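Notes follow once the structure below has been shown.
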4 protein chains.
Amino acid sequence: MNKATPKRQAAPRPSTLADRYAAIRQQSLDLAAPLSAEDCQVQSMADASPTKWHLAHITWFFETFLLERFEPAFRPFEPSFRVLFNSYYKGIGAQYPRPQRGLITRPTLADVKRFRADVDERMQALIAARPGDAEVEALVSLGLQHEQQHQELMLTDIKHAFSFNPAAPAYARRWPISRVQPEPMRWFAHAGGLVEIGHDPVLDGDFCFDNETPRHRAFVEPFEIASRPVTYGEYLAFMDDAGYARPELWLSMGWDWVQSGARTAPLYWTRDGDRWLNHTLQGTVEIDPHTPVCHLSYFEADAFARWAGARLPTELEWEHAARALRAPASGGNFADRGAFHPMPQTKTIGDEPVQMFGDVWEWTASAYLPYPRFRPLPGLVGEYNGKFMCNQFVLRGGSCATPRGHVRASYRNFFPPDAQWQFSGLRLARDL
Amino acid sequence: MNKATPKRQAAPRPSTLADRYAAIRQQSLDLAAPLSAEDCQVQSMADASPTKWHLAHITWFFETFLLERFEPAFRPFEPSFRVLFNSYYKGIGAQYPRPQRGLITRPTLADVKRFRADVDERMQALIAARPGDAEVEALVSLGLQHEQQHQELMLTDIKHAFSFNPAAPAYARRWPISRVQPEPMRWFAHAGGLVEIGHDPVLDGDFCFDNETPRHRAFVEPFEIASRPVTYGEYLAFMDDAGYARPELWLSMGWDWVQSGARTAPLYWTRDGDRWLNHTLQGTVEIDPHTPVCHLSYFEADAFARWAGARLPTELEWEHAARALRAPASGGNFADRGAFHPMPQTKTIGDEPVQMFGDVWEWTASAYLPYPRFRPLPGLVGEYNGKFMCNQFVLRGGSCATPRGHVRASYRNFFPPDAQWQFSGLRLARDL
Amino acid sequence: MNKATPKRQAAPRPSTLADRYAAIRQQSLDLAAPLSAEDCQVQSMADASPTKWHLAHITWFFETFLLERFEPAFRPFEPSFRVLFNSYYKGIGAQYPRPQRGLITRPTLADVKRFRADVDERMQALIAARPGDAEVEALVSLGLQHEQQHQELMLTDIKHAFSFNPAAPAYARRWPISRVQPEPMRWFAHAGGLVEIGHDPVLDGDFCFDNETPRHRAFVEPFEIASRPVTYGEYLAFMDDAGYARPELWLSMGWDWVQSGARTAPLYWTRDGDRWLNHTLQGTVEIDPHTPVCHLSYFEADAFARWAGARLPTELEWEHAARALRAPASGGNFADRGAFHPMPQTKTIGDEPVQMFGDVWEWTASAYLPYPRFRPLPGLVGEYNGKFMCNQFVLRGGSCATPRGHVRASYRNFFPPDAQWQFSGLRLARDL
Amino acid sequence: MNKATPKRQAAPRPSTLADRYAAIRQQSLDLAAPLSAEDCQVQSMADASPTKWHLAHITWFFETFLLERFEPAFRPFEPSFRVLFNSYYKGIGAQYPRPQRGLITRPTLADVKRFRADVDERMQALIAARPGDAEVEALVSLGLQHEQQHQELMLTDIKHAFSFNPAAPAYARRWPISRVQPEPMRWFAHAGGLVEIGHDPVLDGDFCFDNETPRHRAFVEPFEIASRPVTYGEYLAFMDDAGYARPELWLSMGWDWVQSGARTAPLYWTRDGDRWLNHTLQGTVEIDPHTPVCHLSYFEADAFARWAGARLPTELEWEHAARALRAPASGGNFADRGAFHPMPQTKTIGDEPVQMFGDVWEWTASAYLPYPRFRPLPGLVGEYNGKFMCNQFVLRGGSCATPRGHVRASYRNFFPPDAQWQFSGLRLARDL
């Protein structure tokens, strides 16, 4: 077992498509470097996937959507991979059953790395052969963004898998946290009105997912938003105030979730005498009250907000507030930092909120639904986003497990309200 | 077993609170009249309740929220009923487990009728003793609206229970259907823009539920809406076009629902040689292609719309279109008609849509969420609506099982996307 | 609701087949007399059946296996009953799904009584028309024994259903118990050796079920058996000695059953401060330590025996010991007594065990398997017993819910090891 | 991944305890040799365990029951292993949850091999330090027999895991099968009478498990037993005769099992056009009709026997017949052969049955229960067998995955009636 700490990611963004391809593809391997073949094999629940599967699936994406279509005399690396590593694209054909991904011991991790190397070589040839081909470039960009999404999932999924191990293995050893006490929470007001929402190439860069479009108008009432995310310390106050024992604070479905699971704390917390321990990618540590709380379900975020006399922002409010930032991502703690855990506010709060990007995905009060006049991408990649618009809530802003540069103000992440294994926290909002 | 057909409901709306109380309370008993004690006992799934339980619960509402608070020297009719017939009000205290409601054989149906008579007598005394008391009047009105909601549920739940009986018992024998072929579907355009949404006392009358408030502004893109609901005949065309076998037509969660249930038709359809039979409250009948299709889940309504090259309207669009009608409820087929089944369009479509009220609840594309600045009712009735705002979709317009006069343009009904046992259908919409 | 106490059953056994038929059939109606139509409708778990279903099924037995075969110009009372009231006879055809029996509200209870009256009239005509027909007589006898088995199940099933009612309704009011302290447990030795086991017409009377045959030889080691069943008081001592918290006392499967159900006491016990209450057919009463304990699973009976330094007897040992009694059933408390609950030992223990018949079914250590050379009954009734010989344990001796005269030394009852809702207790045995 | 075929096991049995220890321990590593670290990680169902877990658990057995007790200054190799690799011994303390064994990625396979090497060194020291110590010798023997049982489970469990891989990986490549047509089935009669059953040191060698004791008398009726196991070809005839569609052939619980799983063939069979394919440890092969059929549940074996007009033997009959063999194990196909699949009868049937040992475990009609006067082993190893005596059936004779020399005539294996993943088949018996 290689116990090496993963390499620092990031550095300046490469300028050519070929370079970007190489860099982002390498980051996936870097993230898998501290893991043994056994680590890369396991699947701890149906919602999570083995690291090995992630590494293969994001390669399958390029082989299936790019090489199969554009490569002259295309031949698959291994025909059975078309089914094995298809996540959910019905248009492509059958999928291997999701809950059994952890049972696929062959191909081995070494085999999957050979698959990656082969596809990378062919992809670089394709990119070189079609300079300026807009369709190829768009699909490569989509594939790289897709790969970055799976880089985050590799981290959240191995964290979940490690939580079953009583020996509490650490994925990384780069604990950068100084125990800084955050400033008291403050509020920033917005007048609202008729606003524009959704991806804007000028503001957000060329790339976006289809679910961020089209940019459209929406009416927003006056509101105010908190200066920073809610911390572990604040969440502990909620728990100490019997937060998990008071049904009036919870949605009906949330209360059933609390009761049926006999829940008294968020995921990854364990009681140790009179203190709380926290399972992290750096091993087991004591809860730090100054850090943004994460691994909350929507139910928990919603109940906390109600207890605090506030509410979750809608995704429109969140995006509107994020657009108003002068230095959006500054200070944000992303995966490239190597902590893989939210960090206390270090930047002084001046006249705008901090940590809207990075650290924790922020649950919003908005159901994940199509924007007016939304159209999925044409072709087989059209299954990417639209078909999931049901019984999920939108999260915004990225987390400590998100690759730097991956998110933007219009970015819409989404999970069911009981999901906890993402780095999900919250920021409060209030009516004005 | 009393096989009498239920009495015709309705008639002109009584003008005093006391009269309205008496009339609506009587309608509940009338609806139970065709049922035996055994019929009133059973619960065919956790989502449904026994008729007897409905009759007791809507009485419990008055005893708990009115008599307990306002009656001098209040004493409960029977103390154990406080728990037995509490549906979900945590503020009141414990509830008997919902899935076991069908196991409560005592009190008997006769006992429950005695409970009703006792509470009715005391309620009339209370109403008489407090003329013009706004708080009492508001709570009585809420209780009566609540009773009407349960009148609809009594019908949907006994229909579900009867569906398990191979002998196909009929609840009613008043089949009023002439086989009228509906006009071809037409479209009515709306310019949209910044509109007002939510309950307006001038337009909608004094009463509304808290979830219809506050009235607020929203921006709506130009759209068009269909002249009438989708019919069984149109839905059959979808089925004949392999609708249940084409994943690209379905939401991901909807497709899983189709697959896991091996579904090939809506609830209550059974194949009989080369024709389809339909379980109705009038017994088993052949599918009538001209009637609005009902007992669709959101998944089915959404898939049909996609197949038809259209979409579901949002609830904002629906309400906006309903506000524009000159004769909103005319021709609507409500429970008072005694058919308890949707009926073919009989009114000629002139220059506005028909059947927006009555016949079938129309699924909208909107998740059931709070309006901006929504506040639940104060006090213990505050649990009525707000705590269910999660993983449900809004339906609009009422159905053939809704008491006439109960719905309005701002009325928001809501069910999870897999619910089928309500009289739920759809009307198409399109972008303009 | 008729709250009358059920009539005393029993009295001298009628001598003719017609009289026996009439008497046993009447006993079923007598047992249902204290129950309302609602009571007769409900099914509290898949293993239990509604009273109404029992009343119909035991009638179906005569119509299907007798009238259909022997009646000239047979026509069914109602064709749909053939499926509705078929319990598990695949040779007859389809069965209505067992877990949904409680949903069949029509036929009503009154309809089922009409069905009974009709079949009874035709059966009496058949019996009169075929005097001395051995085949008819054998099938009628089987049907009457079958009916008596269901009389016991009617009691155990309504007891289970009533346990869900917080108001704790009482089925009967004939509590005959004087609190008599039983004598200390004593032991009676048997030398064993090669013994004969199984039904013997001379010893046991003409009738038996096929599973009691053929009489055969078996070798039994020397053993001793307890003078009386284990009491509630003795079981409480096991509980007070942490019986439910010590895995070494339990079978592996039993321990899993304890853990997964968080069990700390047998079925129907509830803690009330510092005393234990017991749900009985006479309502809720305090546990009486002097009464034979019942509603134990095999797991509980086995664990108690291990704790007590003893074991359960095999069914061979039990039958061998029962054969040696001079006054087998004297003092036994059967259903005709009207207590429907085990009663303390009242007969002085002389030189043989007491209460081997009546009071509680006694779990044995024997799996329910065919005797050597066992052959099921020929024809469609061959499904009666043989096909259940898997994963069940044998119980012997009858209970307080068994009709007097129904059991005998060779009688084999059987239930899965986790079943608790029968009146099942235990008697200890030891190696010698 | 090492794709080497596993080494041939077996060879003459070593004579000293130290040599036997070394040889049997080495066999476990040899069996794991063809597997990658990923292969050794996975757990395909709760009943199966990862190869890595098996390798660790059988080492834990020696550390816990031998070293901890007898080693001076005992210190565990790694304290957390005491819980992680405890299978089910409550007397030892907590166990890691069985269904999650596949999630333990650390220790790695390499770590577990270090654990094995360390314990082996200490065990050899212990054996050397205590020559002739009867207690040590008995526990070491038990540990080695235990290890051999897990060697068989390693094979059955990896076979099950590989069955989920569409690429159908082969564990071994040593297919030794010549397609020999077996002789027609013949019958061998036994007079029965009062016989002795159970382990006899003179006949069976010194070692046995506690569940084979005490030797005792039992009465057996005259019977006859088949000359050889039932073959795939014979089982196909049962399938072709609608065996899976005729409820009269099945136990009630077996029929439910067929229906709920929509079963039409045994485990590991897949239809390929007009032929049947078989998943084996040698990869996917066509069904060979001449080979003993295996991977049958008890339900299937029982149904086949009924269809064939015969029955399963009791374990008494089986043992009695096996005792009568002059050359019990000759020709038996055990794990040392390297086929890991049953093989056609090659030895001519003379005047006694063949293949009673090896090839397939033979289901008997006997529930797994204690012999009269059975006592579990004293001490913590007492949990080995006795606590599983519930809802399981006895199998006899060993299989193609059993190490040669591990079984004997008195050996009792046991599995629940729905278990299929062992190499379980059947031999017919009949009454005489």
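Every chain in the structure tokens takes a letter, A first, then B, and so on in the order presented; its residues are numbered from 1, and the ligands are numbered from 1 following the presented order.
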Give me the chain A side of the contact with chain D, cut-off 9 Å, one line per residue showing its nearest atom pair and distance in Å at one decimal, counting only C-alpha atoms, sorted by chain and residue number, as CSV.
```
residue,atom,partner,partner_atom,distance
A:Met1,CA,D:Thr108,CA,7.1
A:Ser36,CA,D:Thr108,CA,7.8
A:Ala37,CA,D:Glu38,CA,6.2
A:Glu38,CA,D:Thr105,CA,5.3
A:Asp39,CA,D:Thr105,CA,5.3
A:Cys40,CA,D:Glu38,CA,8.4
A:Gln41,CA,D:Glu38,CA,6.2
A:Val42,CA,D:Leu103,CA,6.0
A:Gln43,CA,D:Leu103,CA,7.3
A:Ser44,CA,D:Leu103,CA,6.5
A:Ser80,CA,D:Ala167,CA,7.3
A:Leu84,CA,D:Pro166,CA,8.3
A:Tyr96,CA,D:Pro166,CA,8.8
A:Gln100,CA,D:Phe164,CA,7.9
A:Gly102,CA,D:Val42,CA,7.3
A:Leu103,CA,D:Val42,CA,6.0
A:Ile104,CA,D:Asn165,CA,5.8
A:Thr105,CA,D:Asp39,CA,5.3
A:Arg106,CA,D:Asn165,CA,7.5
A:Pro107,CA,D:Ala167,CA,8.9
A:Thr108,CA,D:Glu38,CA,6.8
A:Leu109,CA,D:Glu38,CA,8.2
A:Ala110,CA,D:Met1,CA,8.5
A:Ala161,CA,D:Leu103,CA,6.7
A:Phe162,CA,D:Ile104,CA,8.1
A:Phe164,CA,D:Leu103,CA,6.7
A:Asn165,CA,D:Ile104,CA,5.8
A:Pro166,CA,D:Ser80,CA,7.8
A:Ala167,CA,D:Ser80,CA,7.3
A:Pro169,CA,D:Arg106,CA,7.7
```
Would you save the residues from that selection as a short mmCIF file (atom, residue, chain, number, x, y, z; two decimals), in the first residue's frame, using C-alpha atoms?
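Output below, filename out07.cif:
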```cif
data_model
loop_
_atom_site.label_atom_id
_atom_site.label_comp_id
_atom_site.auth_asym_id
_atom_site.auth_seq_id
_atom_site.Cartn_x
_atom_site.Cartn_y
_atom_site.Cartn_z
CA MET A 1 0.00 0.00 0.00
CA SER A 36 -3.96 0.57 -2.64
CA ALA A 37 -5.52 -1.74 -5.21
CA GLU A 38 -7.90 -2.90 -2.47
CA ASP A 39 -8.86 0.68 -1.60
CA CYS A 40 -9.68 1.34 -5.24
CA GLN A 41 -11.89 -1.75 -5.39
CA VAL A 42 -14.54 -1.17 -2.76
CA GLN A 43 -17.98 0.36 -2.93
CA SER A 44 -19.50 1.22 0.42
CA SER A 80 -17.01 -5.32 -22.46
CA LEU A 84 -19.17 -2.14 -17.46
CA TYR A 96 -23.73 -2.98 -15.40
CA GLN A 100 -22.49 -4.23 -7.92
CA GLY A 102 -17.59 -3.05 -6.21
CA LEU A 103 -17.71 -6.70 -7.29
CA ILE A 104 -15.81 -6.19 -10.55
CA THR A 105 -12.34 -7.35 -9.57
CA ARG A 106 -11.21 -7.72 -13.15
CA PRO A 107 -10.13 -5.57 -14.89
CA THR A 108 -7.66 -4.86 -12.11
CA LEU A 109 -6.46 -1.40 -11.20
CA ALA A 110 -3.39 -2.00 -13.35
CA ALA A 161 -15.56 3.70 2.39
CA PHE A 162 -12.87 4.46 4.96
CA PHE A 164 -16.32 1.58 7.78
CA ASN A 165 -12.79 0.77 8.84
CA PRO A 166 -12.34 0.76 12.63
CA ALA A 167 -8.66 1.54 12.12
CA PRO A 169 -7.13 5.13 7.82
#
```
Residues at most 8 Å from Asp157 (chain D), counting only C-alpha atoms, excluding those fewer than 5 positions away in the same chain, as a ChimeraX atom specification?
/D:43-44,48-51,421
Quick one: write out the picked residues with N, CA and C atoms as an mmCIF file, in the first residue's frame?
```cif
data_model
loop_
_atom_site.group_PDB
_atom_site.id
_atom_site.type_symbol
_atom_site.label_atom_id
_atom_site.label_comp_id
_atom_site.auth_asym_id
_atom_site.auth_seq_id
_atom_site.Cartn_x
_atom_site.Cartn_y
_atom_site.Cartn_z
ATOM 1 N N GLN D 43 -16.586 -9.221 -1.469
ATOM 2 C CA GLN D 43 -17.591 -10.048 -0.793
ATOM 3 C C GLN D 43 -18.885 -9.883 -1.589
ATOM 4 N N SER D 44 -19.329 -10.968 -2.189
ATOM 5 C CA SER D 44 -20.447 -10.833 -3.123
ATOM 6 C C SER D 44 -21.817 -11.019 -2.478
ATOM 7 N N ALA D 48 -21.094 -15.001 2.022
ATOM 8 C CA ALA D 48 -19.726 -15.270 1.566
ATOM 9 C C ALA D 48 -18.763 -14.275 2.232
ATOM 10 N N SER D 49 -17.488 -14.597 2.193
ATOM 11 C CA SER D 49 -16.476 -13.707 2.763
ATOM 12 C C SER D 49 -15.354 -13.501 1.769
ATOM 13 N N PRO D 50 -14.646 -12.381 1.901
ATOM 14 C CA PRO D 50 -13.483 -12.170 1.024
ATOM 15 C C PRO D 50 -12.383 -13.199 1.319
ATOM 16 N N THR D 51 -11.638 -13.553 0.288
ATOM 17 C CA THR D 51 -10.486 -14.438 0.479
ATOM 18 C C THR D 51 -9.550 -13.888 1.550
ATOM 19 N N TRP D 421 -24.755 -21.927 -3.015
ATOM 20 C CA TRP D 421 -23.417 -21.625 -3.532
ATOM 21 C C TRP D 421 -22.363 -22.648 -3.123
#
```
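Among the candidates A:Gly91, A:Pro247, A:Gly350, A:Pro372, the residue lying nearest to Leu432 (chain B) is A:Pro372 (atoms considered: only C-alpha atoms).
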Which residues come within 9 Å of Gln149 (chain B), counting only C-alpha atoms, excluding same-chain residues fewer than 4 positions away, as a list in words?
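So the residues in contact are Leu144, Gln145, Leu153, Met154, Thr402, Pro403 and His406 of chain B.
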Resulting file, chosen residues, C-alpha atoms, as a compact mmCIF listing (two decimals), in the first residue's frame:
```
# COMPACT_ATOMS: atom_id res chain seq x y z
CA LEU B 144 -64.73 22.59 7.03
CA GLN B 145 -62.22 22.96 4.22
CA LEU B 153 -59.73 11.19 0.19
CA MET B 154 -62.60 8.99 1.35
CA THR B 402 -63.58 17.28 -5.15
CA PRO B 403 -66.61 18.93 -3.56
CA HIS B 406 -63.81 23.73 -2.66
```
One number please: CA of Ala262 (chain B) to CA of Phe304 (chain B), in Å, one decimal.
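Taking CA of Ala262 (chain B) as the start and CA of Phe304 (chain B) as the end point, the length is 17.5 Å.
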One-decimal distance in Å that lies between CA of Glu196 (chain A) and CA of Ala321 (chain A)
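CA of Glu196 (chain A) lies 11.8 Å from CA of Ala321 (chain A).
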In region 78-236 of chain C, DSSP alpha helix (DSSP H) residues written as number ranges by chain:
C: 81-84, 109-129, 134-162, 201-204, 232-236
Interatomic distance between CA of Pro342 (chain D) and CA of Arg326 (chain D)?
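Here the two named atoms are 22.0 Å from each other.
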If you run DSSP on this backbone, which residues of region 40-195 of chain C come out as strand (DSSP E), and could you give them as a PDB file with all heavy atoms, in the first residue's frame?
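Result saved to result.pdb:
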```
ATOM      1  N   TRP C 187     -39.482 -34.150  38.706  1.00  0.00           N
ATOM      2  CA  TRP C 187     -39.037 -34.837  37.484  1.00  0.00           C
ATOM      3  C   TRP C 187     -39.515 -36.272  37.480  1.00  0.00           C
ATOM      4  O   TRP C 187     -39.444 -36.954  38.498  1.00  0.00           O
ATOM      5  CB  TRP C 187     -37.512 -34.791  37.370  1.00  0.00           C
ATOM      6  CG  TRP C 187     -36.987 -33.405  37.283  1.00  0.00           C
ATOM      7  CD1 TRP C 187     -36.646 -32.599  38.321  1.00  0.00           C
ATOM      8  CD2 TRP C 187     -36.811 -32.643  36.097  1.00  0.00           C
ATOM      9  NE1 TRP C 187     -36.247 -31.370  37.872  1.00  0.00           N
ATOM     10  CE2 TRP C 187     -36.337 -31.366  36.491  1.00  0.00           C
ATOM     11  CE3 TRP C 187     -36.991 -32.898  34.734  1.00  0.00           C
ATOM     12  CZ2 TRP C 187     -36.049 -30.362  35.581  1.00  0.00           C
ATOM     13  CZ3 TRP C 187     -36.692 -31.901  33.826  1.00  0.00           C
ATOM     14  CH2 TRP C 187     -36.233 -30.650  34.256  1.00  0.00           C
ATOM     15  N   PHE C 188     -39.936 -36.734  36.322  1.00  0.00           N
ATOM     16  CA  PHE C 188     -40.382 -38.123  36.167  1.00  0.00           C
ATOM     17  C   PHE C 188     -39.494 -38.821  35.142  1.00  0.00           C
ATOM     18  O   PHE C 188     -39.347 -38.340  34.016  1.00  0.00           O
ATOM     19  CB  PHE C 188     -41.844 -38.159  35.734  1.00  0.00           C
ATOM     20  CG  PHE C 188     -42.772 -37.689  36.826  1.00  0.00           C
ATOM     21  CD1 PHE C 188     -43.174 -36.358  36.882  1.00  0.00           C
ATOM     22  CD2 PHE C 188     -43.190 -38.570  37.821  1.00  0.00           C
ATOM     23  CE1 PHE C 188     -44.003 -35.930  37.908  1.00  0.00           C
ATOM     24  CE2 PHE C 188     -44.030 -38.131  38.843  1.00  0.00           C
ATOM     25  CZ  PHE C 188     -44.439 -36.812  38.896  1.00  0.00           C
ATOM     26  N   ALA C 189     -38.924 -39.934  35.548  1.00  0.00           N
ATOM     27  CA  ALA C 189     -37.925 -40.631  34.731  1.00  0.00           C
ATOM     28  C   ALA C 189     -38.575 -41.642  33.786  1.00  0.00           C
ATOM     29  O   ALA C 189     -39.605 -42.230  34.096  1.00  0.00           O
ATOM     30  CB  ALA C 189     -36.918 -41.345  35.632  1.00  0.00           C
ATOM     31  N   HIS C 190     -37.925 -41.794  32.626  1.00  0.00           N
ATOM     32  CA  HIS C 190     -38.341 -42.811  31.661  1.00  0.00           C
ATOM     33  C   HIS C 190     -37.107 -43.555  31.177  1.00  0.00           C
ATOM     34  O   HIS C 190     -36.086 -42.932  30.889  1.00  0.00           O
ATOM     35  CB  HIS C 190     -39.052 -42.163  30.476  1.00  0.00           C
ATOM     36  CG  HIS C 190     -40.394 -41.614  30.834  1.00  0.00           C
ATOM     37  ND1 HIS C 190     -41.542 -42.354  30.803  1.00  0.00           N
ATOM     38  CD2 HIS C 190     -40.747 -40.391  31.293  1.00  0.00           C
ATOM     39  CE1 HIS C 190     -42.565 -41.612  31.195  1.00  0.00           C
ATOM     40  NE2 HIS C 190     -42.109 -40.407  31.493  1.00  0.00           N
ATOM     41  N   GLY C 193     -35.464 -46.689  25.423  1.00  0.00           N
ATOM     42  CA  GLY C 193     -35.298 -47.929  24.677  1.00  0.00           C
ATOM     43  C   GLY C 193     -36.014 -47.858  23.342  1.00  0.00           C
ATOM     44  O   GLY C 193     -36.317 -46.762  22.845  1.00  0.00           O
ATOM     45  N   LEU C 194     -36.262 -48.997  22.752  1.00  0.00           N
ATOM     46  CA  LEU C 194     -36.931 -49.029  21.454  1.00  0.00           C
ATOM     47  C   LEU C 194     -38.435 -48.889  21.681  1.00  0.00           C
ATOM     48  O   LEU C 194     -39.054 -49.773  22.293  1.00  0.00           O
ATOM     49  CB  LEU C 194     -36.601 -50.346  20.746  1.00  0.00           C
ATOM     50  CG  LEU C 194     -36.842 -50.367  19.239  1.00  0.00           C
ATOM     51  CD1 LEU C 194     -36.018 -49.305  18.534  1.00  0.00           C
ATOM     52  CD2 LEU C 194     -36.482 -51.748  18.693  1.00  0.00           C
ATOM     53  N   VAL C 195     -38.992 -47.800  21.240  1.00  0.00           N
ATOM     54  CA  VAL C 195     -40.402 -47.510  21.536  1.00  0.00           C
ATOM     55  C   VAL C 195     -41.190 -47.362  20.236  1.00  0.00           C
ATOM     56  O   VAL C 195     -40.611 -47.212  19.161  1.00  0.00           O
ATOM     57  CB  VAL C 195     -40.530 -46.207  22.370  1.00  0.00           C
ATOM     58  CG1 VAL C 195     -39.716 -46.317  23.652  1.00  0.00           C
ATOM     59  CG2 VAL C 195     -40.083 -44.999  21.545  1.00  0.00           C
TER      60      VAL C 195
END
```
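The nearest approach to Ala22 (chain B) among the residues B:Ser87, B:Trp363, B:Asp47, B:Met123, with only C-alpha atoms taken into account, belongs to B:Met123.
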Near Met343 (chain B), within 8 Å and counting only C-alpha atoms, which residues show up once chain neighbours fewer than 6 positions away are dropped, as number ranges by chain?
B: 177, 291-292, 333, 359
Save the residues we just selected, all heavy atoms, as a short mmCIF file (atom, residue, chain, number, x, y, z; two decimals), in the first residue's frame?
```cif
data_model
loop_
_atom_site.label_atom_id
_atom_site.label_comp_id
_atom_site.auth_asym_id
_atom_site.auth_seq_id
_atom_site.Cartn_x
_atom_site.Cartn_y
_atom_site.Cartn_z
N ILE B 177 -72.40 9.04 -18.27
CA ILE B 177 -71.50 9.37 -19.37
C ILE B 177 -72.14 9.08 -20.72
O ILE B 177 -72.58 7.97 -20.99
CB ILE B 177 -70.19 8.60 -19.23
CG1 ILE B 177 -69.46 9.11 -18.01
CG2 ILE B 177 -69.35 8.71 -20.49
CD1 ILE B 177 -68.22 8.36 -17.68
N THR B 291 -62.50 10.33 -22.56
CA THR B 291 -62.50 10.87 -21.19
C THR B 291 -61.10 11.33 -20.81
O THR B 291 -60.12 10.70 -21.22
CB THR B 291 -62.97 9.75 -20.24
OG1 THR B 291 -64.27 9.32 -20.65
CG2 THR B 291 -62.99 10.20 -18.80
N PRO B 292 -60.97 12.38 -20.01
CA PRO B 292 -59.65 12.75 -19.51
C PRO B 292 -59.03 11.59 -18.74
O PRO B 292 -59.68 10.99 -17.88
CB PRO B 292 -59.93 13.94 -18.59
CG PRO B 292 -61.17 14.56 -19.15
CD PRO B 292 -61.99 13.38 -19.65
N ASN B 333 -66.73 18.93 -13.68
CA ASN B 333 -67.38 17.74 -13.13
C ASN B 333 -66.80 17.48 -11.74
O ASN B 333 -65.67 17.02 -11.62
CB ASN B 333 -67.13 16.58 -14.10
CG ASN B 333 -67.41 15.24 -13.49
OD1 ASN B 333 -68.26 15.12 -12.62
ND2 ASN B 333 -66.66 14.23 -13.95
N ASP B 359 -62.95 17.33 -12.81
CA ASP B 359 -62.54 16.17 -13.63
C ASP B 359 -61.22 15.55 -13.16
O ASP B 359 -61.23 14.47 -12.58
CB ASP B 359 -62.49 16.53 -15.12
CG ASP B 359 -63.91 16.69 -15.66
OD1 ASP B 359 -64.65 15.70 -15.65
OD2 ASP B 359 -64.28 17.82 -16.00
#
```
